[in-house]
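Undergrad: Starting off with a structure, shown below.
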Amino acid sequence: MAEPLLIKGCRIVGSSQGTCLSDILCQDGVVTAIGQGLSGEGGALLEARGLIAAPGLVDMHTHLRDPGQTQKEDIGSACAAAAAGGVTSLLAMPNTEPCADEPSVLRYVAEKSRPTGLHVYPAAAATLGRRGKELCDFMLLACGGAAAFSDDGSPIESAGMMLAAMKAAKRVGRPLISHCEELTLAAGGIVNEGDVSRALGVGGIPAAAEEVMAARDLALARAYGLPVHIAHISTAGTAALVRAFKRLGAPVSCETCPHYFSLDESLALSRDADYRMNPPLRTKADVGAIIEALKDGTIDCIVTDHAPHTAAQKADFETAPNGVIGLETSLAAGITFLVRPGHLTLAQLIEKMSASPARLLGIPAGSLRPGAAADIVLFDPDEKWLVEPERLHSRSKNTPFKGMTLYGRVKCTVASGRVVFNTLI
Ligand SMILES: [Zn+2]
Ligand SMILES: [Zn+2]
């Protein structure tokens, strides 16, 4: 029996418009009571002093880099970053070294993450080595702990192979996550194709590289009644496609990342590789369309696509690998760019960052009520803070929000009733 944890005086997101203060009692990893004047004898006490309490965030798109690239990040440093960002559950993408296309890699991730106290769900590759040629054994991997399947980092180039993967994922009851990129269109590109790629004199990645692949997968989902989840959507065209196929009844869902609703391609003019990721930052019009798609429910969830790279790897603008970190800035970016301008309510933002991805993954997370897992984030939505990369917990510092002042600061994170991050005094 773990000792109880009592959180005193918080405002629960989405309830009674947060006007009244509540206490939350946690015992043995579960929320046992929410109300006023609760007591938790003999247990730990957290004085929340009016902070917002929300269900721990669920990031269904994280690159842990472990096994194989621990100079960039390892499971311990990624989970420290997650806890500092209010994330208590995360889906670990399989493009590690070795690739998570066999159960031993899934086991390694599950075992190494256990001491962190966070809920780390490994995703398995859909094809062997993520090469797109031969389907993995979905049943073996699902039994071995795969919470989802994806070749993320690479698209599945063949439509026939994609269809086979969608069928296999449905058979084992796990989501299939599609990284949409038509490689012959994206070839050689490092930023969005258009004014910025021309000004920089570098190759561009056209919006169509994402959209033609998304259109293919959405059409397969509709034609065969097979679910697919489109990863990291970044363009107005992809948002319109997902909206249209949802209206047609296709069993599809999608996600975007904070950088696609807040930043645009003009940042790349600085020739700083921390503004390079795949898909790339797009135009201001795309940013507006992503926000609209978040507002009208076309985009189901917000994920980080946390992709650490060392400073040395990011030093050269043109040859640096794609990707940015995001676990410690996602909530603040959502508050700053979606809630404060009035695009989403705080409760809607939290839904897209917890309940919605939890539902898609079928995991016990994303709610804050008696009987739910005691995964809780306490934050001050009004506190301003400067993003200083060297102060972040991730081993890599490649954040595109560096030097920006964001609103919304995580103060304490609880996972399974245990405090995993705490700056409360
Ligand atoms: Zn991807
Ligand atoms: Zn990714």
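Residues are referred to by chain and number: the chain letter is A, B, ... according to the order shown in the structure tokens, the number counts from 1 in that chain, and ligands are numbered separately from 1 in the order shown.
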For region 277-286 of chain A, work out the shell of residues within 9 Å, counting only C-alpha atoms and skipping chain neighbours fewer than 3 positions away, then give it as number ranges by chain.
TA: A: 153, 180-181, 190-194, 205, 207, 210, 232-237, 259-261, 263-268, 273-274, 289-291, 307, 321-324
Undergrad: Just want the residues within 7 Å of ligand 2, written as a tab-separated table (two decimals) with C-alpha atoms, in the first residue's frame, counting only C-alpha atoms and all ligand atoms.
TA:
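As a result, part_33.tsv now contains:
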```tsv
chain	number	residue	atom	x	y	z
A	61	HIS	CA	4.11	10.88	-30.55
A	62	THR	CA	7.50	10.89	-28.79
A	63	HIS	CA	10.94	9.84	-30.04
A	93	MET	CA	7.92	5.77	-31.65
A	152	ASP	CA	7.09	6.95	-38.39
A	153	GLY	CA	10.13	8.72	-39.69
A	305	ASP	CA	6.75	14.77	-32.15
A	307	ALA	CA	12.67	14.59	-31.69
```
Undergrad: Pick out the residues sitting within 8 Å of Gly56 (chain A), and hand them over as a PDB file with N, CA and C atoms, in the first residue's frame; count only C-alpha atoms, and ignore anything fewer than 2 positions along from it in its own chain.
TA:
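Produced file around_15.pdb, reproduced below:
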```pdb
ATOM      1  N   ALA A  54      -5.364  19.228 -13.924  1.00  0.00           N
ATOM      2  CA  ALA A  54      -5.883  18.584 -15.131  1.00  0.00           C
ATOM      3  C   ALA A  54      -5.367  17.145 -15.157  1.00  0.00           C
ATOM      4  N   VAL A  58      -1.196  13.248 -22.286  1.00  0.00           N
ATOM      5  CA  VAL A  58      -0.867  12.020 -23.026  1.00  0.00           C
ATOM      6  C   VAL A  58      -0.246  12.451 -24.354  1.00  0.00           C
ATOM      7  N   GLY A  86       4.316  18.071 -17.769  1.00  0.00           N
ATOM      8  CA  GLY A  86       2.972  17.641 -17.380  1.00  0.00           C
ATOM      9  C   GLY A  86       2.488  16.393 -18.098  1.00  0.00           C
ATOM     10  N   VAL A  87       3.402  15.739 -18.833  1.00  0.00           N
ATOM     11  CA  VAL A  87       3.043  14.535 -19.596  1.00  0.00           C
ATOM     12  C   VAL A  87       3.256  13.308 -18.713  1.00  0.00           C
ATOM     13  N   THR A  88       2.216  12.506 -18.527  1.00  0.00           N
ATOM     14  CA  THR A  88       2.341  11.306 -17.682  1.00  0.00           C
ATOM     15  C   THR A  88       2.240  10.013 -18.476  1.00  0.00           C
ATOM     16  N   SER A  89       1.743  10.094 -19.704  1.00  0.00           N
ATOM     17  CA  SER A  89       1.695   8.908 -20.574  1.00  0.00           C
ATOM     18  C   SER A  89       2.245   9.303 -21.927  1.00  0.00           C
ATOM     19  N   SER A 354      -5.053  15.130 -23.714  1.00  0.00           N
ATOM     20  CA  SER A 354      -5.127  14.018 -22.752  1.00  0.00           C
ATOM     21  C   SER A 354      -6.234  13.025 -23.103  1.00  0.00           C
ATOM     22  N   ALA A 365      -6.217   6.699 -19.204  1.00  0.00           N
ATOM     23  CA  ALA A 365      -5.657   8.022 -18.890  1.00  0.00           C
ATOM     24  C   ALA A 365      -6.626   9.065 -19.420  1.00  0.00           C
ATOM     25  N   GLY A 366      -6.358  10.331 -19.068  1.00  0.00           N
ATOM     26  CA  GLY A 366      -7.115  11.427 -19.666  1.00  0.00           C
ATOM     27  C   GLY A 366      -8.356  11.851 -18.918  1.00  0.00           C
ATOM     28  N   ASP A 375      -3.092  10.342 -12.293  1.00  0.00           N
ATOM     29  CA  ASP A 375      -2.138  11.036 -13.161  1.00  0.00           C
ATOM     30  C   ASP A 375      -2.645  12.472 -13.278  1.00  0.00           C
ATOM     31  N   ILE A 376      -1.900  13.404 -12.715  1.00  0.00           N
ATOM     32  CA  ILE A 376      -2.424  14.769 -12.567  1.00  0.00           C
ATOM     33  C   ILE A 376      -1.314  15.781 -12.859  1.00  0.00           C
ATOM     34  N   VAL A 377      -1.671  16.853 -13.569  1.00  0.00           N
ATOM     35  CA  VAL A 377      -0.730  17.966 -13.723  1.00  0.00           C
ATOM     36  C   VAL A 377      -1.341  19.193 -13.055  1.00  0.00           C
ATOM     37  N   THR A 413       3.730  17.475 -11.215  1.00  0.00           N
ATOM     38  CA  THR A 413       3.157  16.381 -11.999  1.00  0.00           C
ATOM     39  C   THR A 413       3.131  15.124 -11.141  1.00  0.00           C
ATOM     40  N   VAL A 414       1.989  14.475 -11.166  1.00  0.00           N
ATOM     41  CA  VAL A 414       1.782  13.261 -10.361  1.00  0.00           C
ATOM     42  C   VAL A 414       1.441  12.131 -11.334  1.00  0.00           C
ATOM     43  N   ALA A 415       2.126  10.999 -11.186  1.00  0.00           N
ATOM     44  CA  ALA A 415       1.824   9.829 -12.020  1.00  0.00           C
ATOM     45  C   ALA A 415       1.593   8.643 -11.094  1.00  0.00           C
TER      46      ALA A 415
END
```
Undergrad: Considering only C-alpha atoms, return as a ChimeraX atom specification whatever protein or nucleic-acid residues lie within 12 Å of Ala159 (chain A), sequence-local ones (same chain, fewer than 3 positions apart) excluded.
TA: /A:132-133,155-156,162-166,178,180,182,212-221
Undergrad: Go through A:Lys72, A:Glu102, A:Gly144, A:Gly37 one by one, measure the shortest atom-to-atom distance of each to Arg395 (chain A) using only C-alpha atoms, and give the residue with the smallest value.
TA: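 Selected residue with least distance to Arg395 (chain A): A:Lys72.
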Undergrad: Going by DSSP on the backbone, which bits of region 146-391 of chain A are helix (DSSP H, G or I)? Write them as JSON, numbers by chain, please.
TA: {"A": [159, 160, 161, 162, 163, 164, 165, 166, 167, 168, 169, 170, 171, 172, 183, 184, 185, 186, 195, 196, 197, 198, 199, 200, 207, 208, 209, 210, 211, 212, 213, 214, 215, 216, 217, 218, 219, 220, 221, 222, 223, 224, 236, 237, 238, 239, 240, 241, 242, 243, 244, 245, 246, 247, 258, 259, 260, 261, 262, 265, 266, 267, 268, 269, 270, 273, 274, 275, 284, 285, 286, 287, 288, 289, 290, 291, 292, 293, 294, 295, 330, 331, 332, 333, 334, 335, 336, 337, 338, 339, 346, 347, 348, 349, 350, 351, 352, 353, 355, 356, 357, 358, 359, 360, 361, 389, 390, 391]}
Undergrad: Separation of CA of Ala100 (chain A) and CA of Ala125 (chain A), in Å?
TA: 5.8 Å
Undergrad: Nearest to Val13 (chain A) among A:Ser270, A:Thr116, A:Thr310, A:Ser367, with distances taken over only C-alpha atoms: which residue is it?
TA: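 Checking each of A:Ser270, A:Thr116, A:Thr310, A:Ser367 against Val13 (chain A), counting only C-alpha atoms, the winner is A:Ser367.
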Undergrad: Within 12 Å of Gly85 (chain A), counting only C-alpha atoms, which residues qualify if same-chain residues fewer than 3 places away don't, as JSON, numbers by chain?
TA: {"A": [56, 57, 58, 59, 78, 79, 80, 81, 82, 88, 89, 90, 304, 306, 325, 326, 327, 328, 329, 330, 331, 332, 333, 334, 353, 376, 377, 378, 379, 392, 393, 394, 408, 409, 410, 411, 412, 413, 414, 420, 421, 422]}
Undergrad: Env of Ala48 (chain A): 7 Å cut, atoms = only C-alpha atoms, seq-sep filter 3 positions within chain, self excluded. Answer as an mmCIF file with N, CA and C atoms, in the first residue's frame.
TA:
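Result went into around33.cif, see below:
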```
data_model
loop_
_atom_site.group_PDB
_atom_site.id
_atom_site.type_symbol
_atom_site.label_atom_id
_atom_site.label_comp_id
_atom_site.auth_asym_id
_atom_site.auth_seq_id
_atom_site.Cartn_x
_atom_site.Cartn_y
_atom_site.Cartn_z
ATOM 1 N N ILE A 7 -3.988 16.530 -2.505
ATOM 2 C CA ILE A 7 -3.730 17.810 -3.168
ATOM 3 C C ILE A 7 -4.801 18.780 -2.673
ATOM 4 N N LYS A 8 -4.377 19.844 -1.997
ATOM 5 C CA LYS A 8 -5.326 20.791 -1.394
ATOM 6 C C LYS A 8 -5.468 22.038 -2.262
ATOM 7 N N GLY A 9 -6.694 22.450 -2.478
ATOM 8 C CA GLY A 9 -6.944 23.771 -3.037
ATOM 9 C C GLY A 9 -6.569 23.981 -4.489
ATOM 10 N N CYS A 10 -7.045 23.086 -5.363
ATOM 11 C CA CYS A 10 -6.798 23.299 -6.798
ATOM 12 C C CYS A 10 -8.121 23.596 -7.502
ATOM 13 N N LEU A 51 -3.913 26.545 -8.134
ATOM 14 C CA LEU A 51 -3.439 26.107 -9.452
ATOM 15 C C LEU A 51 -4.519 25.285 -10.151
#
```
Undergrad: Could you find all residues in region 146-207 of chain A that DSSP calls strand (DSSP E or B) from the backbone, and write them as a VMD selection string?
TA: chain A and resid 148 to 150 176 to 178 191 to 192 204 to 205
Undergrad: Could you name the residues that touch Leu361 (chain A) at 10 Å or less, counting only C-alpha atoms, but leaving out those on the same chain fewer than 3 positions away, as a list of chain:residue names?
TA: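 Returned residues: A:Val58, A:Met60, A:Leu91, A:Tyr121, A:Ala147, A:Ala148, A:Gly173, A:Arg174, A:Pro175, A:Leu176, A:Ala355, A:Ser356, A:Pro357, A:Ala358, A:Pro364, A:Ala365.
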Undergrad: Rank A:Ile177, A:Ala84, A:Ala123, A:Ala146 by their smallest atom-to-atom distance to ligand 1, using only C-alpha atoms and all ligand atoms, and report the top residue only.
TA: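 Between A:Ile177, A:Ala84, A:Ala123, A:Ala146, the residue approaching ligand 1 most closely is A:Ile177.
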Undergrad: Find the residue from A:Cys26, A:Ser39, A:Arg49, A:Cys99 that sits nearest to Gly68 (chain A); use only C-alpha atoms when measuring.
TA: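 With only C-alpha atoms as the atom set, the closest residue is A:Cys99.
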Undergrad: Please measure the separation of CA of Cys143 (chain A) and CA of Leu106 (chain A), giving the value in Å to one decimal.
TA: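 Going from CA of Cys143 (chain A) over to CA of Leu106 (chain A) covers 10.4 Å.
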Undergrad: Counting only C-alpha atoms and all ligand atoms, which of A:Leu226, A:Ala231, A:Ala240, A:Ala320 gets nearest to ligand 1?
TA: A:Ala231
